[in-house]
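**Q** See protein_12.txt below, with compact mmCIF, C-alpha atoms.
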# COMPACT_ATOMS: atom_id res chain seq x y z
CA MET A 1 -7.30 22.19 19.81
CA ALA A 2 -7.63 20.71 23.26
CA PHE A 3 -5.67 17.84 24.71
CA ALA A 4 -7.09 17.61 28.25
CA TRP A 5 -8.43 14.13 27.40
CA LEU A 6 -5.00 12.81 26.52
CA PRO A 7 -3.67 11.69 29.95
CA GLY A 8 -6.71 9.46 30.48
CA ALA A 9 -6.40 7.97 27.02
CA VAL A 10 -2.76 6.88 27.14
CA GLY A 11 -3.71 3.40 28.33
CA ASP A 12 -6.20 2.83 25.50
CA ILE A 13 -3.78 4.11 22.87
CA ALA A 14 -0.99 1.92 24.22
CA ARG A 15 -3.25 -1.14 24.23
CA GLY A 16 -4.32 -0.42 20.65
CA ALA A 17 -0.72 0.08 19.54
CA LEU A 18 0.22 -3.22 21.17
CA THR A 19 -2.49 -5.04 19.20
CA THR A 20 -1.27 -3.41 15.98
CA ILE A 21 2.28 -4.55 16.76
CA LEU A 22 1.02 -8.06 17.50
CA LEU A 23 -0.92 -8.18 14.23
CA ILE A 24 2.04 -7.09 12.14
CA ALA A 25 4.43 -9.43 13.96
CA VAL A 26 2.26 -12.49 13.24
CA THR A 27 1.61 -11.32 9.68
CA THR A 28 5.32 -10.79 9.01
CA LEU A 29 6.23 -14.31 10.11
CA ALA A 30 3.30 -16.06 8.43
CA GLY A 31 3.49 -13.90 5.30
CA THR A 32 7.22 -14.39 4.81
CA PHE A 33 6.87 -18.15 5.33
CA LEU A 34 3.97 -18.34 2.87
CA SER A 35 5.81 -16.28 0.29
CA ILE A 36 8.90 -18.49 0.50
CA LEU A 37 6.67 -21.51 -0.19
CA GLY A 38 4.87 -19.58 -2.93
CA ALA A 39 8.03 -18.38 -4.63
CA ALA A 40 9.59 -21.84 -4.49
CA GLY A 41 6.38 -23.41 -5.81
CA ARG A 42 6.17 -20.92 -8.60
CA ARG A 43 9.66 -21.88 -9.76
CA ASN A 44 9.81 -25.62 -9.19
CA GLY A 45 6.22 -26.80 -8.68
CA PRO A 46 3.89 -28.59 -11.10
CA VAL A 47 2.32 -26.49 -13.88
CA LEU A 48 -1.08 -26.36 -12.19
CA LEU A 49 0.41 -25.05 -8.94
CA LYS A 50 2.46 -22.46 -10.83
CA ARG A 51 -0.67 -21.21 -12.55
CA ALA A 52 -2.68 -21.14 -9.32
CA ILE A 53 0.01 -19.08 -7.56
CA ALA A 54 0.20 -16.66 -10.50
CA TRP A 55 -3.57 -16.10 -10.35
CA TYR A 56 -3.55 -15.71 -6.57
CA VAL A 57 -0.89 -13.00 -6.88
CA GLU A 58 -2.81 -11.17 -9.63
CA ILE A 59 -6.15 -11.29 -7.82
CA ILE A 60 -4.79 -9.99 -4.54
CA ARG A 61 -2.67 -7.30 -6.19
CA ASN A 62 -5.53 -5.94 -8.25
CA THR A 63 -8.20 -5.67 -5.55
CA PRO A 64 -8.32 -3.42 -2.46
CA PHE A 65 -7.29 -4.82 0.91
CA LEU A 66 -10.55 -3.56 2.44
CA VAL A 67 -12.60 -5.65 0.00
CA GLN A 68 -10.43 -8.72 0.68
CA LEU A 69 -11.00 -8.20 4.40
CA PHE A 70 -14.79 -7.89 3.99
CA PHE A 71 -14.84 -10.91 1.71
CA ILE A 72 -13.02 -13.02 4.27
CA PHE A 73 -14.88 -11.75 7.33
CA PHE A 74 -18.42 -11.42 5.92
CA GLY A 75 -18.28 -13.67 2.86
CA LEU A 76 -16.59 -16.83 4.10
CA PRO A 77 -19.22 -17.64 6.79
CA SER A 78 -21.66 -18.44 3.96
CA LEU A 79 -19.25 -21.24 3.03
CA GLY A 80 -19.35 -22.38 6.64
CA ILE A 81 -15.98 -20.84 7.58
CA ARG A 82 -16.57 -18.53 10.51
CA LEU A 83 -13.57 -16.60 11.82
CA ASP A 84 -13.38 -14.25 14.75
CA PRO A 85 -12.25 -10.70 13.85
CA VAL A 86 -8.63 -11.09 14.93
CA LEU A 87 -8.19 -14.33 12.98
CA ALA A 88 -9.92 -12.87 9.92
CA ALA A 89 -7.64 -9.82 10.12
CA ILE A 90 -4.50 -11.93 10.40
CA LEU A 91 -5.62 -14.17 7.55
CA ALA A 92 -6.44 -11.20 5.29
CA MET A 93 -3.18 -9.42 6.13
CA THR A 94 -1.10 -12.56 5.59
CA LEU A 95 -2.72 -13.38 2.25
CA ASN A 96 -2.37 -9.77 1.14
CA MET A 97 1.26 -9.42 2.17
CA ALA A 98 2.27 -12.77 0.68
CA ALA A 99 0.98 -11.77 -2.77
CA TYR A 100 3.44 -8.89 -2.77
CA THR A 101 6.34 -10.67 -1.10
CA ILE A 102 6.10 -13.76 -3.35
CA GLU A 103 7.38 -11.58 -6.18
CA ILE A 104 10.06 -10.06 -3.95
CA VAL A 105 11.29 -13.42 -2.62
CA GLY A 106 11.14 -14.81 -6.17
CA ALA A 107 13.39 -12.03 -7.40
CA GLY A 108 15.81 -12.87 -4.59
CA LEU A 109 15.84 -16.58 -5.52
CA ASP A 110 16.57 -15.66 -9.13
CA ALA A 111 19.44 -13.44 -8.02
CA VAL A 112 21.37 -16.32 -6.43
CA PRO A 113 23.81 -17.63 -9.05
CA GLY A 114 23.11 -21.15 -10.31
CA GLY A 115 26.67 -22.15 -9.43
CA GLN A 116 25.74 -22.01 -5.74
CA THR A 117 23.14 -24.76 -6.20
CA GLU A 118 25.49 -26.83 -8.34
CA ALA A 119 28.31 -26.51 -5.82
CA ALA A 120 26.05 -27.50 -2.93
CA LEU A 121 24.69 -30.51 -4.85
CA ALA A 122 28.23 -31.53 -5.72
CA LEU A 123 29.04 -31.48 -1.99
CA GLY A 124 26.31 -34.08 -1.51
CA LEU A 125 23.57 -31.91 0.04
CA ARG A 126 20.00 -32.98 -0.64
CA PRO A 127 17.87 -30.58 -2.76
CA ARG A 128 15.89 -29.46 0.29
CA GLN A 129 19.07 -28.73 2.24
CA VAL A 130 20.42 -26.81 -0.73
CA PHE A 131 17.33 -24.62 -0.76
CA ILE A 132 17.17 -24.00 2.99
CA LYS A 133 20.87 -23.70 3.79
CA ILE A 134 22.41 -22.26 0.65
CA VAL A 135 19.94 -20.51 -1.64
CA LEU A 136 17.41 -19.06 0.80
CA PRO A 137 19.81 -17.17 3.12
CA GLN A 138 21.51 -15.54 0.14
CA ALA A 139 18.16 -14.64 -1.41
CA LEU A 140 16.82 -13.14 1.83
CA LYS A 141 19.95 -11.06 2.16
CA VAL A 142 19.42 -9.53 -1.28
CA ILE A 143 15.72 -8.78 -0.86
CA PHE A 144 15.75 -7.63 2.74
CA PRO A 145 15.34 -3.89 2.02
CA ALA A 146 12.31 -4.56 -0.22
CA LEU A 147 10.85 -6.91 2.36
CA THR A 148 11.26 -4.25 5.05
CA SER A 149 9.34 -1.70 2.99
CA GLN A 150 6.54 -4.18 2.38
CA ILE A 151 6.23 -4.97 6.09
CA VAL A 152 5.99 -1.26 6.95
CA ILE A 153 3.35 -0.75 4.23
CA MET A 154 1.37 -3.67 5.64
CA MET A 155 1.57 -2.20 9.14
CA LEU A 156 0.08 1.05 7.84
CA GLU A 157 -2.63 -0.80 5.93
CA SER A 158 -3.58 -2.71 9.05
CA ALA A 159 -5.44 0.45 10.17
CA VAL A 160 -8.28 -0.84 7.98
CA VAL A 161 -8.97 -3.91 10.14
CA SER A 162 -10.62 -1.59 12.66
CA GLN A 163 -13.58 -1.86 10.28
CA ILE A 164 -14.27 -5.43 11.39
CA ALA A 165 -13.94 -4.42 15.05
CA VAL A 166 -10.43 -5.66 15.77
CA ARG A 167 -9.40 -3.59 18.78
CA GLU A 168 -6.20 -2.18 17.31
CA LEU A 169 -4.89 1.39 17.24
CA THR A 170 -7.42 2.86 14.79
CA TYR A 171 -10.32 1.14 16.56
CA GLU A 172 -9.21 2.68 19.86
CA ALA A 173 -8.99 6.05 18.13
CA ASP A 174 -12.56 5.67 16.82
CA MET A 175 -13.78 4.84 20.32
CA LEU A 176 -11.84 7.71 21.90
CA GLN A 177 -13.14 10.35 19.52
CA ALA A 178 -16.70 9.11 20.06
CA ARG A 179 -16.19 9.62 23.79
CA THR A 180 -14.25 12.88 23.82
CA PHE A 181 -15.82 14.61 20.79
CA ARG A 182 -12.28 15.71 19.93
CA SER A 183 -12.06 13.95 16.59
CA PHE A 184 -9.24 15.91 14.98
CA GLU A 185 -7.05 15.92 18.07
CA THR A 186 -7.57 12.20 18.62
CA TYR A 187 -6.70 11.23 15.07
CA PHE A 188 -3.80 13.68 15.10
CA VAL A 189 -2.25 12.02 18.14
CA VAL A 190 -2.89 8.52 16.76
CA THR A 191 -1.37 9.50 13.40
CA LEU A 192 1.79 10.54 15.26
CA VAL A 193 1.78 7.18 17.05
CA TYR A 194 1.57 5.43 13.66
CA LEU A 195 4.42 7.58 12.35
CA ALA A 196 6.56 6.63 15.36
CA LEU A 197 5.62 2.95 14.95
CA SER A 198 6.54 2.88 11.28
CA MET A 199 9.87 4.60 11.92
CA ALA A 200 10.65 2.28 14.84
CA LEU A 201 9.63 -0.81 12.84
CA ARG A 202 11.87 0.19 9.95
CA ARG A 203 14.79 0.87 12.29
CA LEU A 204 14.25 -2.45 14.07
CA LEU A 205 14.10 -4.45 10.83
CA VAL A 206 17.15 -2.73 9.37
CA THR A 207 19.23 -3.34 12.51
CA GLY A 208 17.93 -6.89 12.88
CA GLY A 209 18.54 -7.65 9.22
CA ARG A 210 22.08 -6.38 9.40
CA ARG A 211 22.83 -8.47 12.48
CA VAL A 212 21.16 -11.73 11.44
CA LEU A 213 21.58 -11.79 7.67
CA GLY A 214 24.44 -9.34 7.24
CA ALA A 215 22.12 -7.62 4.80
CA GLY A 216 23.46 -4.33 3.53
CA VAL A 217 20.48 -2.14 4.32
CA SER A 218 20.92 1.60 4.42
CA MET B 1 -37.68 -5.91 2.43
CA ILE B 2 -36.82 -5.03 -1.14
CA GLU B 3 -36.03 -7.94 -3.42
CA PHE B 4 -32.73 -7.64 -5.29
CA THR B 5 -32.17 -9.78 -8.35
CA PHE B 6 -28.61 -10.57 -9.38
CA TRP B 7 -28.82 -7.93 -12.11
CA ASP B 8 -30.09 -5.29 -9.69
CA ILE B 9 -26.99 -5.88 -7.59
CA VAL B 10 -24.68 -5.73 -10.60
CA ARG B 11 -26.34 -2.60 -11.97
CA ASN B 12 -26.15 -0.76 -8.66
CA LEU B 13 -22.52 -1.73 -8.19
CA LEU B 14 -21.61 -0.57 -11.69
CA LEU B 15 -23.37 2.74 -11.12
CA ALA B 16 -21.36 3.18 -7.90
CA ALA B 17 -18.16 2.21 -9.73
CA ARG B 18 -18.48 5.44 -11.73
CA TRP B 19 -17.67 7.34 -8.55
CA THR B 20 -14.66 5.16 -7.89
CA VAL B 21 -13.37 5.93 -11.39
CA LEU B 22 -14.09 9.64 -11.07
CA LEU B 23 -12.44 9.86 -7.66
CA SER B 24 -9.36 7.98 -8.92
CA LEU B 25 -9.02 10.33 -11.89
CA ALA B 26 -9.52 13.48 -9.80
CA ALA B 27 -6.98 12.31 -7.23
CA PHE B 28 -4.49 11.27 -9.90
CA ILE B 29 -4.69 14.61 -11.71
CA GLY B 30 -4.69 16.61 -8.46
CA GLY B 31 -1.89 14.47 -7.09
CA GLY B 32 0.09 14.99 -10.29
CA ILE B 33 -0.17 18.77 -10.02
CA VAL B 34 0.68 18.93 -6.31
CA GLY B 35 3.30 16.23 -6.80
CA LEU B 36 5.02 18.36 -9.43
CA ILE B 37 5.24 21.24 -6.96
CA VAL B 38 6.64 18.90 -4.28
CA LEU B 39 9.11 17.60 -6.87
CA PHE B 40 10.36 21.14 -7.56
CA PHE B 41 11.01 21.58 -3.84
CA ARG B 42 12.57 18.12 -3.58
CA ILE B 43 15.19 18.73 -6.28
CA ALA B 44 15.80 22.42 -5.61
CA LYS B 45 19.30 23.69 -4.90
CA ASN B 46 18.25 25.09 -1.53
CA LYS B 47 18.98 22.61 1.28
CA TRP B 48 15.96 23.60 3.39
CA SER B 49 13.55 23.32 0.52
CA ARG B 50 14.80 19.78 -0.12
CA ARG B 51 14.45 18.91 3.56
CA ILE B 52 10.89 20.20 3.80
CA ALA B 53 9.90 18.23 0.71
CA SER B 54 11.44 15.00 2.00
CA GLY B 55 9.70 15.58 5.33
CA TYR B 56 6.39 15.99 3.50
CA ILE B 57 6.97 12.76 1.56
CA ALA B 58 8.06 10.83 4.67
CA LEU B 59 4.99 12.06 6.54
CA PHE B 60 2.55 10.77 3.94
CA GLN B 61 4.44 7.53 3.35
CA GLY B 62 4.82 6.87 7.08
CA THR B 63 1.19 7.21 8.20
CA PRO B 64 -1.92 5.22 7.22
CA LEU B 65 -4.04 6.71 4.45
CA LEU B 66 -7.09 6.11 6.64
CA MET B 67 -5.66 8.51 9.26
CA GLN B 68 -4.91 11.09 6.56
CA LEU B 69 -8.52 10.89 5.40
CA PHE B 70 -9.84 11.23 8.96
CA LEU B 71 -7.63 14.27 9.56
CA MET B 72 -8.96 15.88 6.36
CA PHE B 73 -12.52 15.04 7.22
CA PHE B 74 -12.39 16.33 10.79
CA GLY B 75 -9.62 18.91 10.41
CA LEU B 76 -10.90 21.09 7.59
CA PRO B 77 -14.16 21.99 9.39
CA MET B 78 -11.99 23.31 12.25
CA LEU B 79 -10.55 25.82 9.77
CA GLY B 80 -14.11 26.93 9.12
CA LEU B 81 -14.55 25.07 5.83
CA ARG B 82 -17.79 23.21 5.33
CA ILE B 83 -16.76 19.85 4.06
CA GLU B 84 -18.52 16.97 2.34
CA PRO B 85 -17.15 13.41 2.17
CA TRP B 86 -16.40 14.01 -1.55
CA THR B 87 -14.16 17.03 -0.80
CA ALA B 88 -12.35 15.25 2.02
CA ALA B 89 -11.85 12.19 -0.17
CA VAL B 90 -10.47 14.14 -3.15
CA LEU B 91 -8.20 16.32 -1.00
CA GLY B 92 -6.97 13.41 1.12
CA LEU B 93 -6.15 11.24 -1.88
CA THR B 94 -4.62 14.20 -3.73
CA PHE B 95 -2.07 14.85 -0.99
CA PHE B 96 -1.45 11.12 -0.57
CA ALA B 97 -0.84 10.75 -4.32
CA SER B 98 1.34 13.86 -4.51
CA ALA B 99 3.84 12.45 -2.01
CA TYR B 100 4.17 9.14 -3.86
CA LEU B 101 4.29 10.68 -7.35
CA ALA B 102 6.90 13.25 -6.29
CA GLU B 103 9.09 10.45 -4.93
CA ILE B 104 8.66 8.34 -8.10
CA TRP B 105 9.54 11.26 -10.38
CA ARG B 106 12.46 12.28 -8.14
CA SER B 107 13.95 8.85 -8.67
CA GLY B 108 13.67 9.54 -12.41
CA VAL B 109 15.48 12.84 -12.06
CA ALA B 110 18.17 11.22 -9.91
CA ALA B 111 18.65 8.48 -12.52
CA LEU B 112 19.66 10.97 -15.22
CA PRO B 113 23.39 11.49 -15.72
CA LEU B 114 24.61 14.85 -14.39
CA GLY B 115 25.95 15.55 -17.88
CA GLN B 116 22.37 16.29 -18.93
CA TRP B 117 22.30 19.27 -16.56
CA ASP B 118 25.75 20.40 -17.69
CA ALA B 119 24.80 20.08 -21.34
CA GLY B 120 21.67 22.15 -20.76
CA ALA B 121 23.64 24.82 -18.94
CA SER B 122 26.29 24.95 -21.67
CA LEU B 123 23.53 25.58 -24.20
CA GLY B 124 22.67 28.70 -22.21
CA LEU B 125 19.41 27.41 -20.74
CA HIS B 126 18.46 28.71 -17.32
CA TYR B 127 17.28 26.42 -14.50
CA LEU B 128 13.57 26.32 -15.36
CA GLN B 129 14.24 25.83 -19.07
CA GLU B 130 16.62 22.99 -18.28
CA LEU B 131 13.94 21.33 -16.17
CA ARG B 132 11.19 21.84 -18.71
CA LEU B 133 13.10 20.97 -21.87
CA ILE B 134 15.68 18.43 -20.79
CA ILE B 135 15.31 16.95 -17.33
CA LEU B 136 11.58 16.46 -16.72
CA PRO B 137 10.68 14.92 -20.11
CA GLN B 138 13.36 12.28 -19.63
CA ALA B 139 12.50 11.76 -15.95
CA PHE B 140 8.82 11.26 -16.81
CA SER B 141 9.55 8.89 -19.63
CA ILE B 142 11.76 6.58 -17.58
CA THR B 143 9.30 6.52 -14.65
CA ARG B 144 6.22 5.76 -16.73
CA ALA B 145 5.93 2.17 -15.44
CA PRO B 146 5.96 3.01 -11.71
CA THR B 147 3.59 5.92 -12.35
CA VAL B 148 1.01 3.59 -13.90
CA GLY B 149 1.70 1.15 -11.08
CA PHE B 150 0.89 3.86 -8.57
CA LEU B 151 -2.37 4.62 -10.40
CA VAL B 152 -3.41 1.03 -9.64
CA GLN B 153 -2.54 1.58 -5.98
CA LEU B 154 -4.58 4.79 -6.01
CA ILE B 155 -7.65 3.10 -7.49
CA LYS B 156 -7.45 0.47 -4.75
CA SER B 157 -6.99 3.19 -2.13
CA THR B 158 -10.29 4.85 -3.07
CA ALA B 159 -11.95 1.95 -1.22
CA LEU B 160 -10.92 3.62 2.05
CA THR B 161 -13.03 6.70 1.34
CA SER B 162 -16.10 4.55 2.02
CA ILE B 163 -15.11 4.74 5.69
CA ILE B 164 -15.44 8.53 5.80
CA GLY B 165 -18.82 8.23 4.11
CA PHE B 166 -18.12 8.77 0.43
CA GLU B 167 -20.65 6.83 -1.69
CA GLU B 168 -18.35 4.79 -3.90
CA LEU B 169 -18.19 1.12 -4.80
CA VAL B 170 -17.41 -0.31 -1.36
CA ARG B 171 -19.90 1.85 0.54
CA THR B 172 -22.65 0.93 -1.92
CA SER B 173 -21.73 -2.73 -1.60
CA ASN B 174 -22.03 -2.47 2.20
CA ALA B 175 -25.53 -1.06 1.79
CA ILE B 176 -26.52 -3.76 -0.72
CA ASN B 177 -25.07 -6.43 1.54
CA ASN B 178 -27.12 -5.12 4.45
CA ALA B 179 -30.25 -5.45 2.33
CA THR B 180 -29.57 -8.80 0.65
CA PHE B 181 -27.46 -10.68 3.24
CA GLU B 182 -25.38 -12.15 0.41
CA PRO B 183 -21.87 -10.99 1.33
CA PHE B 184 -20.11 -13.70 -0.64
CA LYS B 185 -21.78 -12.65 -3.89
CA VAL B 186 -21.69 -8.89 -3.25
CA TYR B 187 -18.06 -8.60 -2.13
CA GLY B 188 -17.04 -11.12 -4.77
CA LEU B 189 -18.57 -8.88 -7.41
CA VAL B 190 -16.91 -5.79 -5.93
CA ALA B 191 -13.55 -7.55 -6.04
CA LEU B 192 -14.26 -8.50 -9.66
CA ILE B 193 -15.09 -4.91 -10.64
CA PHE B 194 -11.89 -3.63 -9.02
CA PHE B 195 -9.96 -6.40 -10.76
CA VAL B 196 -11.39 -5.44 -14.14
CA MET B 197 -10.34 -1.82 -13.54
CA CYS B 198 -6.85 -2.58 -12.23
CA PHE B 199 -5.67 -5.63 -14.14
CA PRO B 200 -5.32 -3.96 -17.58
CA LEU B 201 -3.33 -1.16 -15.95
CA THR B 202 -1.09 -3.66 -14.19
CA GLN B 203 -0.47 -5.42 -17.50
CA TYR B 204 0.23 -2.06 -19.17
CA ALA B 205 2.74 -1.16 -16.44
CA ARG B 206 4.40 -4.53 -16.94
CA LYS B 207 4.63 -3.94 -20.68
CA LEU B 208 6.18 -0.50 -20.13
CA GLU B 209 8.69 -2.05 -17.76
CA LYS B 210 9.70 -4.62 -20.39
CA GLN B 211 10.06 -1.93 -23.05
CA MET B 212 12.47 0.03 -20.88
CA PRO B 213 15.93 -0.12 -22.41
CA ALA B 214 18.34 -1.73 -19.98
CA ARG B 215 20.89 0.80 -18.81
Please, can you express the file's structure as structure tokens?

**A**
Amino acid sequence: MAFAWLPGAVGDIARGALTTILLIAVTTLAGTFLSILGAAGRRNGPVLLKRAIAWYVEIIRNTPFLVQLFFIFFGLPSLGIRLDPVLAAILAMTLNMAAYTIEIVGAGLDAVPGGQTEAALALGLRPRQVFIKIVLPQALKVIFPALTSQIVIMMLESAVVSQIAVRELTYEADMLQARTFRSFETYFVVTLVYLALSMALRRLLVTGGRRVLGAGVS
Amino acid sequence: MIEFTFWDIVRNLLLAARWTVLLSLAAFIGGGIVGLIVLFFRIAKNKWSRRIASGYIALFQGTPLLMQLFLMFFGLPMLGLRIEPWTAAVLGLTFFASAYLAEIWRSGVAALPLGQWDAGASLGLHYLQELRLIILPQAFSITRAPTVGFLVQLIKSTALTSIIGFEELVRTSNAINNATFEPFKVYGLVALIFFVMCFPLTQYARKLEKQMPAR
């Protein structure tokens, strides 16, 4: 074990970690938004939409993220859709995360008692206002712990996007070990960085959730 | 350049899928055995043993599987072991699976009423007998759905071993894609093969979940 290379590598590791954080931040926002639409569509949409969402969820949940990523990055250009690596990574991560969180958000929507909707309608709110102002906040509060876990899992899975040359933490690690010939040490340090990131992300989400939603997260 | 017909591609992918299946089974069995040991530590009476086991679980659940595989692949040779991608893949996935399975089964043990332990003790069973005859059978039976669910996750995770050079479905598909330049077809087929492997298991897990008596 030798760590003489470490001081010179701090900048690269920090830059990679920053890209990973950026990726997961965008994915969290886009994925949560998409899954709210998906969960609402699956409950109240037309039959065809319901069926399409159900299939989307099944397909994503039963195939590996790596294959989805390759399909989007290498496969879509033959349909004329060419994405640069970062966009392809964000798209793949968002589609992947949404398939899992649609079910989670859906469970939250089901957990809000029907009386809440009836009461809001009786007060004269329009259906859209009822959903956004009454049902959704209560649903998010219930599902916040599950959502937090899913976001952390997605952050860890994002290591895979190094395979399409997105310059995130794992990509920087690959480059570093090729330069220093200290493979084990490099991946060891980067693994610790991931561990710290996942712990910090969980802490941040739990504190944020408690403050914004009043969600009872332990 | 070699010409690949559609059936050549399918045949080669199916042949490679055997390795995906074999690796999933090996990791699931290995992970089950190691997971059982971790479970014993996790529910032991000794405080330190419990702490070490939860640290082990947190470590594997808090780092990317890809990093765990890299550490296996590059770390074991430093201990003087000659290592092939296959060994690194099986060991990496085994430890990964053990952490998740131990945590799933622990939740089953925690879900049992404490009266079960008391009843076992009052029948004169000692600790290991209680575990073997009373606690574990019930814990396994109520966690059957998440265990099958994790098997699906494990099958999908084998895709990552292509990155450390293990010749399974995804690595073969990369090679075929490099020869045929038909990524849409090749990766579409790979996704289909994974779907065919995972979907029945997902449905089975769902059925088990429905069968569970509500407590």

**Q** Taking all atoms listed in the file into account, what are the residues of chain B at most 9 Å from chain A, put as a PyMOL selection string?

**A** chain B and resi 59+61-68+70-75+78+152-153+155-160+163+170+182-188+190-199+202

**Q** Please list as a ChimeraX atom specification every residue within 9 Å of Val10 (chain B), counting only C-alpha atoms and excluding residues in the same chain fewer than 5 positions away.

**A** /B:5,15,186,189

**Q** Show which residues sit within 12 Å of Asp12 (chain A), as a list in words. Count all atoms listed in the file, and ignore same-chain residues fewer than 4 positions away.

**A** Trp5, Leu6, Pro7, Gly8, Gly16, Ala17, Leu18, Thr19, Arg167, Glu168, Leu169, Thr170, Tyr171, Glu172, Ala173, Asp174, Met175, Leu176, Gln177, Thr186 and Val190 of chain A

**Q** So that I can check the surroundings of region 29-34 of chain B, please list as a PDB file with C-alpha atoms, in the frame of the given file every protein, DNA and RNA residue that reaches within 6 Å of it, counting only C-alpha atoms and ignoring chain neighbours fewer than 2 positions away.

**A**
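The new file part.pdb reads:
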ATOM      1  CA  ALA B  26      -9.520  13.480  -9.800  1.00  0.00           C
ATOM      2  CA  ALA B  27      -6.980  12.310  -7.230  1.00  0.00           C
ATOM      3  CA  LEU B  36       5.020  18.360  -9.430  1.00  0.00           C
ATOM      4  CA  ILE B  37       5.240  21.240  -6.960  1.00  0.00           C
ATOM      5  CA  THR B  94      -4.620  14.200  -3.730  1.00  0.00           C
ATOM      6  CA  ALA B  97      -0.840  10.750  -4.320  1.00  0.00           C
ATOM      7  CA  SER B  98       1.340  13.860  -4.510  1.00  0.00           C
TER       8      SER B  98
END

**Q** With a distance cut-off of 8 Å and only C-alpha atoms, select the neighbouring residues of region 134-137 of chain A, excluding the residue or stretch itself and same-chain residues fewer than 5 positions from it, and output the selection as a list in words.

**A** Leu109, Val112, Gln116, Thr117, Ala120, Gln129 and Leu213 of chain A

**Q** How would the residues just chosen look if you wrote them out with C-alpha atoms as a PDB file, in the frame of the given file?

**A**
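Below you can see out-v8.pdb, which holds the result:
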ATOM      1  CA  LEU A 109      15.840 -16.580  -5.520  1.00  0.00           C
ATOM      2  CA  VAL A 112      21.370 -16.320  -6.430  1.00  0.00           C
ATOM      3  CA  GLN A 116      25.740 -22.010  -5.740  1.00  0.00           C
ATOM      4  CA  THR A 117      23.140 -24.760  -6.200  1.00  0.00           C
ATOM      5  CA  ALA A 120      26.050 -27.500  -2.930  1.00  0.00           C
ATOM      6  CA  GLN A 129      19.070 -28.730   2.240  1.00  0.00           C
ATOM      7  CA  LEU A 213      21.580 -11.790   7.670  1.00  0.00           C
TER       8      LEU A 213
END

**Q** So, counting all atoms listed in the file, which residue among A:Val105, A:Ala119, A:Ile151, A:Pro127 is closest to Val26 (chain A)?

**A**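 Closest residue, counting all atoms listed in the file: A:Ile151.
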
**Q** Quote the spacing between CA of Ile102 (chain A) and CA of Ser35 (chain A) in Å to one decimal place.

**A** 4.4 Å

**Q** Would you please work out which residue, of A:Ala107, A:Ala14, A:Ala200, A:Ala2, is nearest to Ala146 (chain A) when using only C-alpha atoms?

**A**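 Looking at the shortest contact to Ala146 (chain A), the residue is A:Ala107.
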
**Q** Rank B:Ala44, B:Leu112, B:Ile104, B:Leu125 by their smallest atom-to-atom distance to Thr143 (chain B), using all atoms listed in the file, and report the top residue only.

**A**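 Going through B:Ala44, B:Leu112, B:Ile104, B:Leu125 one by one, the smallest distance to Thr143 (chain B) is for B:Ile104.
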